[in-house]
Amino acid sequence: MVAPTLPRGSAPASRPARRRGRPGAPAVLLLPFFLLFTACTLVPIGNAVYLSLYRERRSGLGFGGVRRVFTGLGNYTDALGDAAFRDGFLNLALYCALYIPLMLGLSLLLALLLDSTLARARRFFQLALFLPHAVPGIIAALVWMYLYTPGVSPVIGALNSGGIEADLLGHPVPAVVNIALWEWAGYNLVIFFAALQAIPREVLEASVVDGAGPLRTALSIKLPLIRPSLAMVGLFTVIGSLQLFTEPTILHGAAPGVVTTWTPNMYAYTAAFERNDYGLAAAASVLLALAAAVLSFVVTRLTGGRGAKPKGAKA
């Protein structure tokens with residue numbers, strides 16, 4: 001028996017569509033993340049806000065039990081009214097004003113140099129510049145404190161022998177900025193270098209054909225194309241700057257200008273573990289988190305705007 005043939009031009013019956021995944025599969029895959037996010041982020045934030053609204057008081061001349069008293073915004077007004085807390089924000093603002101431009105400029109300049117056609121041994125220099133980031137922050141701060149301390153530092157000894165009197169710990173802000181640059185410049189360099197490597201080579205070749213030099217290509221072609229990476233690094237740098245704690249804490253023992261409340265983070269740590277005032281420490285932490293949220297929003301708005309529309313595009 002001969003099988004019937006289809007008319008010419010007619011298509012065979014379509015096969016049944018593949019079964020789609022179950023609707024609840026994304027929720028199951030995202031559940032571990034939301035559980036960890038809730039346990040490690042939302043719960044600590046909620047607990048800090050709760051602690052900031054209460055204050056512990058002892059009765060019976062300090063020998064009685066501890067009572068937790070609701071104070072509302074009392075801890076916040078105490079923190080804002082403390083000159084040491086306000087001075088910590090001033091030190092932090094000075095640190096950010098010096099550190100953020102230097103960090104972005106230095107890491108971007110090094111990435112552009114490595115991406116240039118004149119660069120040699122890129123892998124070696126990329127690894128060498130990234131290695132300081134692999135050193136823990138505490139170890140890096142201890143090493144630099146040794147290099148900053150007069151009498152034991154070979155750097156200061158060499159400067160003194162040349163007739164240059166250097167007091168690197170007398171100005172703590174540049175000293176802390178130098179440590180942070182040494183730690184994080186290589187990390188941001190890798191991000192910028194990866195973004196530069198993702199630029200299509202045809203675009204760069206076209207700029208060379210049009211007569212653009214290396215500087216013109218870097219400013220007019222490369223920088224606009226890696227703008228998302230610039231925005232991301234800038235946002236992370238701002239958030240990381242507000243969390244400054246390790247470097248000034250290590251330098252506290254050697255630098256006379258670095259007190260235990262030199263940054264808001266150090267103020268909160270001192271209030272919690274030296275003064276046992278957990279409500280004040282929680283209020284200081286919440287205020288610092290609000291400042292970080294506001295600055296993050298500002299940076300996102302400034303760097304996340306849409307580019308200019310091409311000519312002829314409809315509004």
# chains A, B, ... in the order shown; residues from 1 in each chain; ligands from 1
>>> closest_atom_pairs(of="stretch 140-209 of chain A", to="stretch 260-267 of chain A", cutoff="12 Å", atoms="only C-alpha atoms", output="Markdown table")
| residue | atom | partner | partner_atom | distance |
| --- | --- | --- | --- | --- |
| A:Pro172 | CA | A:Trp262 | CA | 10.0 |
| A:Val173 | CA | A:Trp262 | CA | 10.3 |
| A:Val176 | CA | A:Trp262 | CA | 11.6 |
>>> select_by_dssp(residues="stretch 19-182 of chain A", states="strand (DSSP E or B)", output="PyMOL selection string")
chain A and resi 54-58+66-70
>>> write_last_selection(atoms="C-alpha atoms", output="mmCIF file, in the first residue's frame")
data_model
loop_
_atom_site.group_PDB
_atom_site.id
_atom_site.type_symbol
_atom_site.label_atom_id
_atom_site.label_comp_id
_atom_site.auth_asym_id
_atom_site.auth_seq_id
_atom_site.Cartn_x
_atom_site.Cartn_y
_atom_site.Cartn_z
ATOM 1 C CA TYR A 54 15.859 51.683 73.003
ATOM 2 C CA ARG A 55 18.373 52.438 75.716
ATOM 3 C CA GLU A 56 19.570 50.176 78.514
ATOM 4 C CA ARG A 57 19.460 51.550 82.038
ATOM 5 C CA ARG A 58 20.606 49.988 85.289
ATOM 6 C CA VAL A 66 19.152 46.121 83.249
ATOM 7 C CA ARG A 67 15.984 47.731 81.923
ATOM 8 C CA ARG A 68 15.416 48.437 78.269
ATOM 9 C CA VAL A 69 13.684 51.793 77.949
ATOM 10 C CA PHE A 70 12.073 53.077 74.782
#
>>> closest_atom_pairs(of="stretch 96-137 of chain A", to="stretch 232-249 of chain A", cutoff="9 Å", atoms="only C-alpha atoms", output="JSON lines")
{"residue": "A:Cys96", "atom": "CA", "partner": "A:Ser241", "partner_atom": "CA", "distance": 6.3}
{"residue": "A:Tyr99", "atom": "CA", "partner": "A:Ser241", "partner_atom": "CA", "distance": 8.1}
{"residue": "A:Ile100", "atom": "CA", "partner": "A:Thr237", "partner_atom": "CA", "distance": 6.7}
{"residue": "A:Met103", "atom": "CA", "partner": "A:Thr237", "partner_atom": "CA", "distance": 8.2}
{"residue": "A:Leu104", "atom": "CA", "partner": "A:Gly234", "partner_atom": "CA", "distance": 7.1}
{"residue": "A:Gly137", "atom": "CA", "partner": "A:Thr246", "partner_atom": "CA", "distance": 6.8}
>>> residues_around(residues="A:Leu290", least_positions_apart="5", cutoff="12 Å", atoms="only C-alpha atoms", output="mmCIF file with all heavy atoms, in the first residue's frame")
data_model
loop_
_atom_site.group_PDB
_atom_site.id
_atom_site.type_symbol
_atom_site.label_atom_id
_atom_site.label_comp_id
_atom_site.auth_asym_id
_atom_site.auth_seq_id
_atom_site.Cartn_x
_atom_site.Cartn_y
_atom_site.Cartn_z
ATOM 1 N N ILE A 45 19.524 44.498 59.678
ATOM 2 C CA ILE A 45 19.088 45.897 59.568
ATOM 3 C C ILE A 45 17.891 46.156 60.470
ATOM 4 O O ILE A 45 17.830 47.167 61.182
ATOM 5 C CB ILE A 45 18.760 46.232 58.102
ATOM 6 C CG1 ILE A 45 20.036 46.229 57.256
ATOM 7 C CG2 ILE A 45 18.056 47.575 58.001
ATOM 8 C CD1 ILE A 45 19.787 46.470 55.784
ATOM 9 N N VAL A 49 17.761 48.796 63.668
ATOM 10 C CA VAL A 49 16.734 49.835 63.827
ATOM 11 C C VAL A 49 16.000 49.664 65.147
ATOM 12 O O VAL A 49 15.707 50.642 65.857
ATOM 13 C CB VAL A 49 15.762 49.793 62.633
ATOM 14 C CG1 VAL A 49 14.599 50.764 62.855
ATOM 15 C CG2 VAL A 49 16.485 50.122 61.338
ATOM 16 N N ILE A 239 30.435 53.580 48.245
ATOM 17 C CA ILE A 239 29.933 52.755 49.345
ATOM 18 C C ILE A 239 31.082 52.241 50.203
ATOM 19 O O ILE A 239 31.015 52.254 51.434
ATOM 20 C CB ILE A 239 29.094 51.591 48.786
ATOM 21 C CG1 ILE A 239 27.846 52.126 48.078
ATOM 22 C CG2 ILE A 239 28.687 50.633 49.894
ATOM 23 C CD1 ILE A 239 27.022 51.054 47.400
ATOM 24 N N LEU A 242 32.576 54.948 52.580
ATOM 25 C CA LEU A 242 31.799 55.247 53.783
ATOM 26 C C LEU A 242 31.978 54.182 54.863
ATOM 27 O O LEU A 242 31.670 54.436 56.027
ATOM 28 C CB LEU A 242 30.315 55.379 53.426
ATOM 29 C CG LEU A 242 29.957 56.548 52.509
ATOM 30 C CD1 LEU A 242 28.461 56.545 52.212
ATOM 31 C CD2 LEU A 242 30.366 57.870 53.130
ATOM 32 N N ALA A 283 22.129 53.498 66.448
ATOM 33 C CA ALA A 283 21.675 54.744 65.830
ATOM 34 C C ALA A 283 22.745 55.316 64.911
ATOM 35 O O ALA A 283 22.446 55.786 63.800
ATOM 36 C CB ALA A 283 21.305 55.756 66.912
ATOM 37 N N ALA A 284 24.007 55.282 65.338
ATOM 38 C CA ALA A 284 25.088 55.768 64.485
ATOM 39 C C ALA A 284 25.208 54.925 63.219
ATOM 40 O O ALA A 284 25.451 55.456 62.126
ATOM 41 C CB ALA A 284 26.404 55.759 65.261
ATOM 42 N N SER A 285 25.020 53.620 63.355
ATOM 43 C CA SER A 285 25.091 52.744 62.186
ATOM 44 C C SER A 285 23.949 53.021 61.215
ATOM 45 O O SER A 285 24.151 53.030 59.990
ATOM 46 C CB SER A 285 25.058 51.283 62.631
ATOM 47 O OG SER A 285 26.127 50.987 63.507
ATOM 48 N N LEU A 295 23.871 58.857 49.125
ATOM 49 C CA LEU A 295 24.972 59.054 48.192
ATOM 50 C C LEU A 295 24.916 58.054 47.036
ATOM 51 O O LEU A 295 25.230 58.402 45.895
ATOM 52 C CB LEU A 295 26.307 58.945 48.921
ATOM 53 C CG LEU A 295 26.679 60.118 49.819
ATOM 54 C CD1 LEU A 295 28.020 59.870 50.497
ATOM 55 C CD2 LEU A 295 26.735 61.418 49.027
ATOM 56 N N SER A 296 24.514 56.821 47.320
ATOM 57 C CA SER A 296 24.377 55.829 46.253
ATOM 58 C C SER A 296 23.300 56.246 45.261
ATOM 59 O O SER A 296 23.464 56.089 44.034
ATOM 60 C CB SER A 296 24.044 54.462 46.849
ATOM 61 O OG SER A 296 25.052 54.033 47.730
ATOM 62 N N PHE A 297 22.204 56.792 45.770
ATOM 63 C CA PHE A 297 21.139 57.265 44.889
ATOM 64 C C PHE A 297 21.631 58.419 44.022
ATOM 65 O O PHE A 297 21.358 58.479 42.821
ATOM 66 C CB PHE A 297 19.931 57.702 45.721
ATOM 67 C CG PHE A 297 18.821 58.305 44.912
ATOM 68 C CD1 PHE A 297 17.966 57.499 44.184
ATOM 69 C CD2 PHE A 297 18.637 59.679 44.872
ATOM 70 C CE1 PHE A 297 16.940 58.045 43.421
ATOM 71 C CE2 PHE A 297 17.619 60.240 44.120
ATOM 72 C CZ PHE A 297 16.764 59.418 43.394
#
>>> residues_around(residues="A:Leu108", least_positions_apart="6", cutoff="8 Å", atoms="only C-alpha atoms", output="list in words")
Asn188, Leu189 and Phe192 of chain A
>>> residues_around(residues="A:Val286", least_positions_apart="3", cutoff="12 Å", atoms="only C-alpha atoms", output="NGL selection string")
:A and (44-53 or 73 or 75-76 or 79-80 or 264-265 or 268 or 279-283 or 289-293)
>>> atom_distance(atom1="atom CA of A:Pro214", atom2="atom CA of A:Tyr187")
24.3 Å
>>> select_by_dssp(residues="stretch 61-265 of chain A", states="helix (DSSP H, G or I)", output="ChimeraX atom specification")
/A:74-81,83-115,122-134,137-148,154-161,168-170,172-197,201-209,214-225,227-242,246-251,264-265
>>> atom_distance(atom1="atom CA of A:Ala180", atom2="atom CA of A:Ala271")
25.1 Å
>>> atom_distance(atom1="atom CA of A:Ala185", atom2="atom CA of A:Pro150")
26.4 Å
